[in-house]
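S.K.: Have a look at the structure that comes next, please.
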Amino acid sequence: MSNCSSCPSHGSCSKSESSCGVQNNPNNKIKKIIGVMSGKGGVGKSTLSVLIAKALNKKGFKVGVMDADITGPSIPRLLHIKDEKAMTTGETIHPVATQEGIKVMSLNLLIEDENQPVIWRGPVIAGAVKQFYTDVLWGELDYLVIDMPPGTGDVALTVMQSIPMTGIVMISTPQDMVSMIVSKAINMARKIDIPVLGVIENMSYVLCPDCDKKIRIFNKEGMDQFLSNMDVELLGELPMMTEISSLSENVMPITNEEVQNVLEKTTQKIINA
Ligand SMILES: Nc1ncnc2c1ncn2[C@@H]1O[C@H](COP(=O)(O)OP(=O)(O)OP(=O)(O)O)[C@@H](O)[C@H]1O
């Protein structure tokens with residue numbers, strides 16, 4: 001059932017209640033929904049979804065993470081809850097909460113063996129993601145961070161059309177092919193009228209362990225050109241580093257100053273969205 005008063009887009013939406021296809025669960029009060037998207041797989045979407053959620057949680061906000069990457073769900077591992085299972089009562093699914101209180105829903109929290117593949121066709125996957133919005137008891141949240149499915153296909157489109165998103169943070173890496181595909185994702189978001197809050201360039205450089213020099217493997221000019229062509233803000237550049245790649249094994253927060261700066265700028269942008 002569509003319910004304008006409980007919708008995160010209430011007040012900024014041009015649709016009437018009768019023309020709205022979004023189903024809001026009346027038991028949930030979610031203030032803002034932020035998608036983390038790329039268009040290209042393997043660029044760090046899930047990693048950044050977790051880092052952004054943790055940064056918002058550290059600021060004292062109530063945060064949830066929805067793992068909409070149904071065929072490659074990695075959020076439970078990254079948040080150290082891979083052995084937990086979500087409970088269901090009737091048609092309601094209860095999210096699993098992390099130690100710091102972040103509520104999480106992922107297909108891997110519903111299946112017995114995380115190593116089993118999900119061999120479903122697009123519409124079934126899209127239906128599962130919609131259920132993560134309508135049937136999960138998120139309760140009161142300041143922010144729901146959605147780790148978007150990779151690509152700009154059917155599932156991403158359904159998520160973007162059926163969940164009222166406040167904005168999208170795009171993740172890219174400094175490679176020509178990636179920025180071309182990320183441009184498609186940015187154009188897709190704009191066509192559906194979802195604001196793109198900015199781009200995080202992940203794996204931008206490696207820090208020399210001896211002299212701290214930034215070693216850039218890819219051409220930086222290509223990224224500058226991409227940002228200006230797409231008229232999109234750069235939220236920051238993240239180094240390629242072990243502290244980030246070992247997020248699923250390491251429970252200690254990442255202390256690197258550059259990572260902190262990128263997360264601070266991103267969370268401020270989300271808070272002001
Ligand atoms: N800045 C970084 N430094 C080092 N490793 C990183 C960094 N960002 C991501 N990785 C690693 O790259 C791999 C892919 O990251 P991640 O799973 O977050 O990408 P994704 O875009 O969500 O992928 P998929 O599309 O498959 O879901 C992971 O092994 C992750 O640990």
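Labels used: A, B, ... for chains in the order of the structure tokens, numbers from 1 for residues in each chain, and numbers from 1 for ligands as shown.
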I need the strand (DSSP E) residues of region 13-138 of chain A per DSSP on the backbone, written as a PyMOL selection string.
M.R.: chain A and resi 29-37+63-67+87-89+92-94+96-97+103-105
S.K.: I'd like the contact shell of Ile168 (chain A) - 12 Å cut-off, only C-alpha atoms, skipping same-chain residues fewer than 4 positions apart - returned as a ChimeraX atom specification.
M.R.: /A:32-39,45,49,144-148,160,164,185-190,192-200,232,266,269-270,273
S.K.: For the selection you just gave me, I'd like the residues written to a file as a compact mmCIF listing (two decimals), in the first residue's frame, keeping C-alpha atoms.
M.R.:
# COMPACT_ATOMS: atom_id res chain seq x y z
CA LYS A 32 16.49 9.14 3.83
CA ILE A 33 17.43 6.38 1.43
CA ILE A 34 20.86 6.51 -0.17
CA GLY A 35 21.86 4.20 -3.04
CA VAL A 36 25.50 3.27 -3.56
CA MET A 37 25.85 2.47 -7.22
CA SER A 38 28.40 2.01 -9.93
CA GLY A 39 27.18 0.43 -13.12
CA LYS A 45 30.29 -0.57 -4.00
CA SER A 49 28.22 1.05 1.41
CA LEU A 144 18.92 3.35 4.78
CA VAL A 145 22.01 2.68 2.65
CA ILE A 146 21.35 0.44 -0.35
CA ASP A 147 24.21 -1.52 -1.88
CA MET A 148 22.81 -1.45 -5.41
CA MET A 160 15.39 2.83 -8.61
CA PRO A 164 11.97 6.29 -3.05
CA ALA A 185 24.64 4.84 -14.40
CA ILE A 186 24.70 8.60 -13.74
CA ASN A 187 22.52 9.23 -16.81
CA MET A 188 20.15 6.48 -15.73
CA ALA A 189 19.75 8.05 -12.24
CA ARG A 190 19.13 11.46 -13.79
CA ILE A 192 14.65 8.62 -13.14
CA ASP A 193 15.07 11.95 -11.30
CA ILE A 194 17.28 10.64 -8.52
CA PRO A 195 19.96 13.19 -7.58
CA VAL A 196 23.56 12.01 -7.93
CA LEU A 197 25.26 13.32 -4.77
CA GLY A 198 28.76 12.81 -6.13
CA VAL A 199 31.39 10.31 -7.17
CA ILE A 200 33.92 8.55 -4.97
CA VAL A 232 29.30 15.71 -11.15
CA THR A 266 30.39 12.00 1.73
CA LYS A 269 26.70 15.53 1.48
CA ILE A 270 24.22 12.81 2.50
CA ALA A 273 20.74 15.97 0.74
S.K.: Using only C-alpha atoms and all ligand atoms, what are the residues with an atom within 6 Å of ligand 1, set out as a list in words?
M.R.: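 Using only C-alpha atoms and all ligand atoms, I find these residues within 6 Å of ligand 1: Gly41, Gly42, Val43, Gly44, Lys45, Ser46, Thr47, Gly72, Pro150, Asn202, Met203, Leu238, Pro239, Met240, Met241, Thr242, Ile244 and Ser245 of chain A.
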S.K.: Pull the alpha helix (DSSP H) assignments for region 32-201 of chain A out of DSSP run on the backbone, and list those residues as number ranges by chain.
M.R.: A: 45-58, 75-78, 122-134, 154-162, 176-191
S.K.: Between CA of Gly101 (chain A) and CA of Ile171 (chain A), what distance in Å does the model show, to one decimal?
M.R.: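 If I compute the distance from CA of Gly101 (chain A) to CA of Ile171 (chain A), I get 25.2 Å.
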S.K.: Could you check the closest approach to Phe61 (chain A) for each of A:Trp120, A:Tyr133, A:Trp138, A:Tyr143 and tell me which residue wins, using only C-alpha atoms?
M.R.: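 Once distances to Phe61 (chain A) are computed over only C-alpha atoms, the minimum belongs to A:Tyr143.
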S.K.: Residues near region 219-226 of chain A, anyone? I mean within 7 Å using only C-alpha atoms, not counting same-chain ones fewer than 3 positions away, as a PyMOL selection string.
M.R.: chain A and resi 174+176+179+229-230
S.K.: Between A:Gly90, A:Gly127, A:Pro117, A:Gly139, which has the minimum distance to Ala156 (chain A) (counting only C-alpha atoms)?
M.R.: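 Going through A:Gly90, A:Gly127, A:Pro117, A:Gly139 one by one, the smallest distance to Ala156 (chain A) is for A:Gly127.
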S.K.: Measuring atom to atom with only C-alpha atoms, identify which of A:Ile254, A:Ala55, A:Val22, A:Ser5 is nearest to Ile163 (chain A).
M.R.: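 Comparing A:Ile254, A:Ala55, A:Val22, A:Ser5 against Ile163 (chain A), the winner is A:Val22.
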S.K.: Give me the residues within 9 Å of Ala128 (chain A) as a VMD selection string, counting only C-alpha atoms and dropping any in the same chain fewer than 6 places off.
M.R.: chain A and resid 68 70 107
S.K.: Can you measure CA of Leu157 (chain A) to CA of Lys62 (chain A) for me? One decimal in Å is fine.
M.R.: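 According to the coordinates, CA of Leu157 (chain A) and CA of Lys62 (chain A) are separated by 26.8 Å.
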S.K.: Can you work out the spacing between CA of Ile52 (chain A) and CA of Met66 (chain A) in Å, to one decimal?
M.R.: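 Between CA of Ile52 (chain A) and CA of Met66 (chain A) the gap is 12.7 Å.
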